[in-house]
>>> print(open('input.cif').read())   # mmCIF, C-alpha atoms
data_coords
#
loop_
_atom_site.label_atom_id
_atom_site.label_comp_id
_atom_site.auth_asym_id
_atom_site.auth_seq_id
_atom_site.Cartn_x
_atom_site.Cartn_y
_atom_site.Cartn_z
CA MET A 15 108.08 235.08 182.69
CA LYS A 16 109.66 233.26 179.77
CA LEU A 17 109.25 233.51 176.01
CA TYR A 18 110.24 230.78 173.58
CA ILE A 19 111.42 231.90 170.13
CA ILE A 20 111.21 228.96 167.75
CA GLY A 21 112.71 228.54 164.30
CA ALA A 22 109.99 226.95 162.16
CA GLY A 23 112.31 225.97 159.34
CA PRO A 24 111.99 227.01 155.69
CA GLY A 25 108.45 225.84 154.96
CA ASP A 26 108.01 222.08 155.11
CA PRO A 27 106.26 221.50 158.48
CA ASP A 28 108.36 218.38 159.03
CA LEU A 29 111.55 220.46 159.10
CA ILE A 30 110.90 222.01 162.51
CA THR A 31 113.12 220.53 165.22
CA VAL A 32 111.70 217.98 167.65
CA LYS A 33 112.21 220.46 170.50
CA GLY A 34 110.51 223.25 168.60
CA LEU A 35 107.50 221.08 167.82
CA LYS A 36 107.18 219.96 171.45
CA LEU A 37 107.14 223.58 172.63
CA LEU A 38 104.61 224.54 169.95
CA GLN A 39 102.33 221.73 171.10
CA GLN A 40 102.62 222.77 174.75
CA ALA A 41 102.05 226.51 174.30
CA ASP A 42 98.95 228.34 175.44
CA VAL A 43 99.65 231.21 173.05
CA VAL A 44 101.32 231.01 169.63
CA LEU A 45 102.38 234.12 167.73
CA TYR A 46 103.63 233.43 164.21
CA ALA A 47 104.73 235.23 161.07
CA ASP A 48 101.70 234.25 159.00
CA SER A 49 103.14 235.46 155.71
CA LEU A 50 106.04 233.00 155.95
CA VAL A 51 105.27 230.16 158.36
CA SER A 52 103.30 227.13 157.19
CA GLN A 53 99.66 227.02 158.31
CA GLU A 54 100.02 223.25 158.42
CA LEU A 55 102.72 223.61 161.07
CA VAL A 56 100.76 226.08 163.16
CA ALA A 57 97.80 223.69 163.04
CA LYS A 58 99.88 221.35 165.22
CA SER A 59 99.34 223.71 168.18
CA LYS A 60 97.47 222.15 171.07
CA PRO A 61 93.66 222.31 171.02
CA GLY A 62 92.42 225.51 172.56
CA ALA A 63 95.68 227.41 172.10
CA GLU A 64 95.35 231.06 171.15
CA VAL A 65 96.98 231.45 167.75
CA LEU A 66 97.82 234.99 166.68
CA LYS A 67 99.07 236.23 163.31
CA THR A 68 101.77 238.91 163.51
CA ALA A 69 102.25 240.08 159.91
CA GLY A 70 99.94 243.03 160.57
CA MET A 71 101.41 243.92 163.98
CA HIS A 72 104.09 246.50 164.70
CA LEU A 73 106.85 245.77 167.21
CA GLU A 74 105.30 247.36 170.28
CA GLU A 75 101.92 245.79 169.59
CA MET A 76 103.43 242.34 169.24
CA VAL A 77 105.60 242.64 172.36
CA GLY A 78 102.70 244.08 174.33
CA THR A 79 100.57 241.08 173.39
CA MET A 80 103.31 238.68 174.52
CA LEU A 81 103.67 240.49 177.84
CA ASP A 82 99.94 240.55 178.48
CA ARG A 83 99.65 236.80 177.97
CA MET A 84 102.74 235.96 180.01
CA ARG A 85 101.48 238.11 182.88
CA GLU A 86 98.36 235.98 182.82
CA GLY A 87 100.60 232.99 183.49
CA LYS A 88 100.35 231.56 179.98
CA MET A 89 103.12 229.79 178.08
CA VAL A 90 103.92 231.87 174.99
CA VAL A 91 105.90 230.90 171.90
CA ARG A 92 106.92 233.12 169.01
CA VAL A 93 107.39 231.20 165.76
CA HIS A 94 109.80 232.58 163.16
CA THR A 95 110.50 231.33 159.66
CA GLY A 96 113.79 229.54 159.00
CA ASP A 97 116.31 230.14 161.76
CA PRO A 98 115.67 233.15 164.02
CA ALA A 99 119.34 234.18 163.93
CA MET A 100 119.22 235.04 160.22
CA TYR A 101 117.26 238.22 159.48
CA GLY A 102 114.77 237.23 162.17
CA ALA A 103 114.44 240.71 163.74
CA ILE A 104 114.48 239.00 167.13
CA MET A 105 116.93 241.35 168.84
CA GLU A 106 114.52 244.29 168.89
CA GLN A 107 111.86 242.05 170.45
CA MET A 108 114.30 240.74 173.03
CA VAL A 109 115.42 244.22 174.06
CA LEU A 110 111.88 245.24 174.99
CA LEU A 111 111.08 241.92 176.64
CA LYS A 112 114.23 241.82 178.75
CA ARG A 113 113.43 245.30 180.06
CA GLU A 114 110.30 243.72 181.52
CA GLY A 115 112.24 240.88 183.12
CA VAL A 116 111.34 238.21 180.54
CA ASP A 117 113.69 235.26 180.08
CA ILE A 118 114.24 234.16 176.48
CA GLU A 119 114.95 230.71 175.07
CA ILE A 120 115.75 230.46 171.37
CA VAL A 121 115.25 227.17 169.54
CA PRO A 122 117.18 227.13 166.25
CA GLY A 123 115.62 226.10 162.97
CA VAL A 124 116.64 225.02 159.48
CA SER A 125 117.60 228.14 157.55
CA SER A 126 116.36 228.69 154.00
CA VAL A 127 119.98 228.84 152.84
CA PHE A 128 120.47 225.19 153.74
CA ALA A 129 117.05 224.16 152.48
CA ALA A 130 117.89 225.84 149.16
CA ALA A 131 121.27 224.09 148.99
CA ALA A 132 119.55 220.77 149.63
CA ALA A 133 116.99 221.45 146.91
CA ALA A 134 119.81 222.26 144.50
CA GLU A 135 121.71 219.12 145.57
CA ALA A 136 124.65 221.38 146.31
CA GLU A 137 127.55 221.32 148.73
CA LEU A 138 128.42 224.95 149.37
CA THR A 139 131.99 224.21 150.45
CA ILE A 140 133.85 222.24 147.78
CA PRO A 141 137.44 221.13 148.59
CA ASP A 142 140.07 222.94 146.49
CA LEU A 143 137.36 225.24 145.08
CA THR A 144 135.81 227.17 147.97
CA GLN A 145 135.77 226.69 151.73
CA THR A 146 133.83 229.79 152.67
CA VAL A 147 130.17 230.78 152.52
CA ILE A 148 129.07 234.39 152.94
CA LEU A 149 125.47 234.91 154.08
CA THR A 150 124.35 238.42 153.22
CA ARG A 151 121.84 240.49 151.25
CA ALA A 152 121.92 243.14 148.58
CA GLU A 153 121.54 246.74 149.67
CA GLY A 154 118.04 248.07 149.10
CA ARG A 155 115.87 250.39 151.20
CA THR A 156 117.71 249.15 154.26
CA PRO A 157 121.42 250.02 153.95
CA VAL A 158 124.27 247.65 154.72
CA PRO A 159 127.34 248.71 156.75
CA GLU A 160 130.10 250.44 154.82
CA PHE A 161 132.47 247.48 154.88
CA GLU A 162 129.81 244.94 153.87
CA LYS A 163 128.98 246.13 150.38
CA LEU A 164 128.33 243.18 148.09
CA THR A 165 131.11 244.20 145.69
CA ASP A 166 133.65 244.00 148.51
CA LEU A 167 132.34 240.70 149.86
CA ALA A 168 132.23 239.15 146.39
CA LYS A 169 135.94 239.83 145.87
CA HIS A 170 136.59 236.76 148.02
CA LYS A 171 135.26 234.67 145.09
CA CYS A 172 133.64 232.19 147.51
CA THR A 173 130.06 230.91 147.68
CA ILE A 174 127.57 233.68 148.44
CA ALA A 175 124.02 233.20 149.69
CA LEU A 176 121.75 236.21 149.26
CA PHE A 177 118.70 236.65 151.44
CA LEU A 178 116.03 239.28 150.77
CA SER A 179 117.44 240.19 147.36
CA ALA A 180 114.92 238.92 144.82
CA THR A 181 113.92 242.44 143.73
CA LEU A 182 117.52 243.64 143.48
CA THR A 183 118.95 241.28 140.89
CA LYS A 184 120.21 243.99 138.52
CA LYS A 185 122.20 245.45 141.42
CA VAL A 186 123.46 241.97 142.33
CA MET A 187 124.65 241.32 138.77
CA LYS A 188 126.45 244.66 138.60
CA GLU A 189 128.19 244.18 141.93
CA PHE A 190 129.32 240.64 141.14
CA ILE A 191 130.79 241.80 137.84
CA ASN A 192 132.44 244.80 139.52
CA ALA A 193 134.03 242.33 141.95
CA GLY A 194 135.61 240.48 139.05
CA TRP A 195 133.18 237.57 138.71
CA SER A 196 132.88 236.13 135.23
CA GLU A 197 129.49 236.46 133.57
CA ASP A 198 129.15 232.68 133.36
CA THR A 199 129.52 232.14 137.12
CA PRO A 200 126.74 229.74 138.14
CA ILE A 201 123.76 230.86 140.21
CA VAL A 202 120.90 228.82 141.61
CA VAL A 203 117.72 230.59 142.69
CA VAL A 204 115.35 228.60 144.91
CA TYR A 205 111.89 230.05 145.29
CA LYS A 206 110.03 228.94 148.45
CA ALA A 207 112.43 226.13 149.31
CA THR A 208 110.63 223.02 150.64
CA TRP A 209 107.14 224.46 150.01
CA PRO A 210 104.78 222.58 147.64
CA ASP A 211 105.29 225.28 144.99
CA GLU A 212 109.08 225.31 145.28
CA LYS A 213 110.84 226.34 142.09
CA ILE A 214 114.53 225.90 141.25
CA VAL A 215 116.09 228.12 138.59
CA ARG A 216 119.66 227.55 137.38
CA THR A 217 121.26 230.51 135.67
CA THR A 218 124.42 232.64 135.56
CA VAL A 219 125.49 236.09 136.67
CA LYS A 220 124.83 237.44 133.18
CA ASP A 221 121.30 236.02 132.97
CA LEU A 222 120.15 236.33 136.58
CA ASP A 223 117.69 239.20 136.16
CA ASP A 224 116.16 237.75 132.99
CA ALA A 225 115.79 234.35 134.65
CA MET A 226 114.05 235.86 137.66
CA ARG A 227 111.69 237.87 135.46
CA THR A 228 110.91 234.92 133.18
CA ASN A 229 110.02 232.78 136.19
CA GLY A 230 108.07 235.53 137.93
CA ILE A 231 110.22 235.41 141.07
CA ARG A 232 110.29 238.63 143.06
CA LYS A 233 110.06 237.44 146.67
CA GLN A 234 110.75 234.50 148.99
CA ALA A 235 113.81 233.43 147.01
CA MET A 236 117.27 232.35 148.09
CA ILE A 237 120.04 233.22 145.63
CA LEU A 238 123.09 230.94 145.80
CA ALA A 239 126.06 232.08 143.73
CA GLY A 240 129.53 230.79 142.99
CA TRP A 241 131.32 227.89 141.32
CA ALA A 242 130.15 225.45 144.00
CA LEU A 243 126.79 225.74 142.17
CA ASP A 244 128.27 224.55 138.87
CA PRO A 245 125.65 222.18 137.43
CA HIS A 246 128.49 219.90 136.29
CA ILE A 247 130.34 219.91 139.63
CA HIS A 248 129.59 216.22 140.15
CA ASP A 249 131.60 215.35 137.05
CA LYS A 250 134.72 217.12 138.31
CA ASP A 251 137.47 215.69 140.46
CA TYR A 252 137.05 217.66 143.70
CA ARG A 253 137.53 215.37 146.70
CA SER A 254 137.83 215.96 150.44
CA LYS A 255 140.69 214.59 152.53
CA LEU A 256 138.18 213.18 155.00
CA TYR A 257 137.37 210.10 152.92
CA ASP A 258 140.66 209.83 151.05
CA LYS A 259 141.97 206.32 151.76
CA THR A 260 145.54 207.67 152.06
CA PHE A 261 144.60 210.28 154.68
CA THR A 262 145.11 209.43 158.36
CA HIS A 263 142.93 210.96 161.06
CA GLY A 264 141.82 210.17 164.60
CA PHE A 265 139.43 207.40 163.54
CA ARG A 266 141.22 205.79 160.61
CA ARG A 267 144.77 205.06 159.53
CA GLY A 268 145.45 205.92 155.91
CA VAL A 269 146.52 203.31 153.40
CA LYS A 270 149.68 204.00 151.44
CA SER A 271 148.95 204.59 147.79
CA GLU A 272 150.56 202.09 145.44
#
>>> encode(input="input.cif", output="structure tokens")
Amino acid sequence: MKLYIIGAGPGDPDLITVKGLKLLQQADVVLYADSLVSQELVAKSKPGAEVLKTAGMHLEEMVGTMLDRMREGKMVVRVHTGDPAMYGAIMEQMVLLKREGVDIEIVPGVSSVFAAAAAAEAELTIPDLTQTVILTRAEGRTPVPEFEKLTDLAKHKCTIALFLSATLTKKVMKEFINAGWSEDTPIVVVYKATWPDEKIVRTTVKDLDDAMRTNGIRKQAMILAGWALDPHIHDKDYRSKLYDKTFTHGFRRGVKSE
């Protein structure tokens, strides 16, 4: 028995990988997170495939359904939003499935963090400004480990991408400021990146909560924070060594500057 876990991408049905789409079109049974995965994508399943919504299922119910279908000899795929490795809750599914002898193949997808960066026309790693991106979330009903509090992570002063934090913006603002961030540090919020109703909001640490409230954003939002999101970054003189004409690397000899 084998289960395929497929990353559907952030929303746009064209952003699934070629491999993921091929598996979706071959599957006899498709289970998908109906609150997050595009119906247009799921409609690409092969004619006659059993398509099951999982938003209303608990873990054991969902895994039991997968096992039942696989024991019938059917090809089963589980479609997750974005990339399954990021807040995909796949490990708990895999634990139960592996106990039953199921092999797992994971097909990566485009994460919402990169879809949001693309929507914002942002490079998250700017030479001489920041070379690190932290992917995390604010602490809400689900705690974070002791050494991963946002205040501590933010002290690195690098780019931070916040998943699952749209209802916790007051906490986010407080923790950024406690970490020494200036109130005018740029933030870009992307609501439903790549969906038809995508919305991009540019704000600052100081105005984050007001901006979210004004725009009615309280779910399905990626928060990108840090000076890499400066709306005027394109006017500044940050340049990589990679394309510097004086820089020699394995594929090009640098030209001496005059």
>>> atom_distance(input="input.cif", atom1="CA of Ala129 in chain A", atom2="CA of Ala207 in chain A")
5.9 Å
>>> residues_around(input="input.cif", residues="range 145-148 of chain A", least_positions_apart="6", cutoff="6 Å", atoms="only C-alpha atoms", output="number ranges by chain")
A: 139, 172-174
>>> resolve_selection(input="input.cif", expression="the PyMOL selection byres ((chain A and resi 153-170) around 8)", output="count of residues only")
14
>>> atom_distance(input="input.cif", atom1="CA of Thr199 in chain A", atom2="CA of Met236 in chain A")
16.4 Å
>>> atom_distance(input="input.cif", atom1="CA of Ile19 in chain A", atom2="CA of Met71 in chain A")
16.8 Å
>>> closest_residue(input="input.cif", among="A:Glu135, A:Asp26, A:Leu55, A:Val91", to="Val43 in chain A", atoms="all atoms listed in the file")
A:Val91
>>> residues_around(input="input.cif", residues="Val204 in chain A", least_positions_apart="6", cutoff="10 Å", atoms="all atoms listed in the file", output="list in words")
Ser126, Val127, Ala129, Ala130, Ala131, Ala133, Ala134, Glu212, Lys213, Ile214, Val215, Arg216, Ile231, Gln234, Ala235, Met236, Ile237 and Leu238 of chain A
>>> residues_near_point(input="input.cif", point="(134.9, 222.2, 140.5)", cutoff="12 Å", atoms="only C-alpha atoms", output="compact mmCIF listing (two decimals) with C-alpha atoms, in the frame of the given file")
# COMPACT_ATOMS: atom_id res chain seq x y z
CA ALA A 136 124.65 221.38 146.31
CA GLU A 137 127.55 221.32 148.73
CA LEU A 138 128.42 224.95 149.37
CA THR A 139 131.99 224.21 150.45
CA ILE A 140 133.85 222.24 147.78
CA PRO A 141 137.44 221.13 148.59
CA ASP A 142 140.07 222.94 146.49
CA LEU A 143 137.36 225.24 145.08
CA THR A 144 135.81 227.17 147.97
CA THR A 199 129.52 232.14 137.12
CA PRO A 200 126.74 229.74 138.14
CA GLY A 240 129.53 230.79 142.99
CA TRP A 241 131.32 227.89 141.32
CA ALA A 242 130.15 225.45 144.00
CA LEU A 243 126.79 225.74 142.17
CA ASP A 244 128.27 224.55 138.87
CA PRO A 245 125.65 222.18 137.43
CA HIS A 246 128.49 219.90 136.29
CA ILE A 247 130.34 219.91 139.63
CA HIS A 248 129.59 216.22 140.15
CA ASP A 249 131.60 215.35 137.05
CA LYS A 250 134.72 217.12 138.31
CA ASP A 251 137.47 215.69 140.46
CA TYR A 252 137.05 217.66 143.70
CA ARG A 253 137.53 215.37 146.70
>>> residues_around(input="input.cif", residues="range 105-110 of chain A", least_positions_apart="3", cutoff="8 Å", atoms="all atoms listed in the file", output="ChimeraX atom specification")
/A:73,77,113-114,118
>>> closest_residue(input="input.cif", among="A:Pro61, A:Leu35, A:His94, A:Arg232", to="Ser49 in chain A", atoms="all atoms listed in the file")
A:His94
>>> resolve_selection(input="input.cif", expression="the PyMOL selection byres ((chain A and resi 95) around 6)", output="compact mmCIF listing (two decimals) with C-alpha atoms, in the frame of the given file")
# COMPACT_ATOMS: atom_id res chain seq x y z
CA GLY A 21 112.71 228.54 164.30
CA ALA A 22 109.99 226.95 162.16
CA GLY A 23 112.31 225.97 159.34
CA VAL A 51 105.27 230.16 158.36
CA HIS A 94 109.80 232.58 163.16
CA GLY A 96 113.79 229.54 159.00
>>> axis_aligned_box(input="input.cif", around="range 204-217 of chain A", padding_each_side="5 Å", output="JSON")
{"center_x": 113.0, "center_y": 226.5, "center_z": 143.2, "size_x": 26.5, "size_y": 17.9, "size_z": 25.0}
>>> closest_residue(input="input.cif", among="A:Gly62, A:Lys36, A:Ala225, A:Thr208", to="Val124 in chain A", atoms="only C-alpha atoms")
A:Thr208
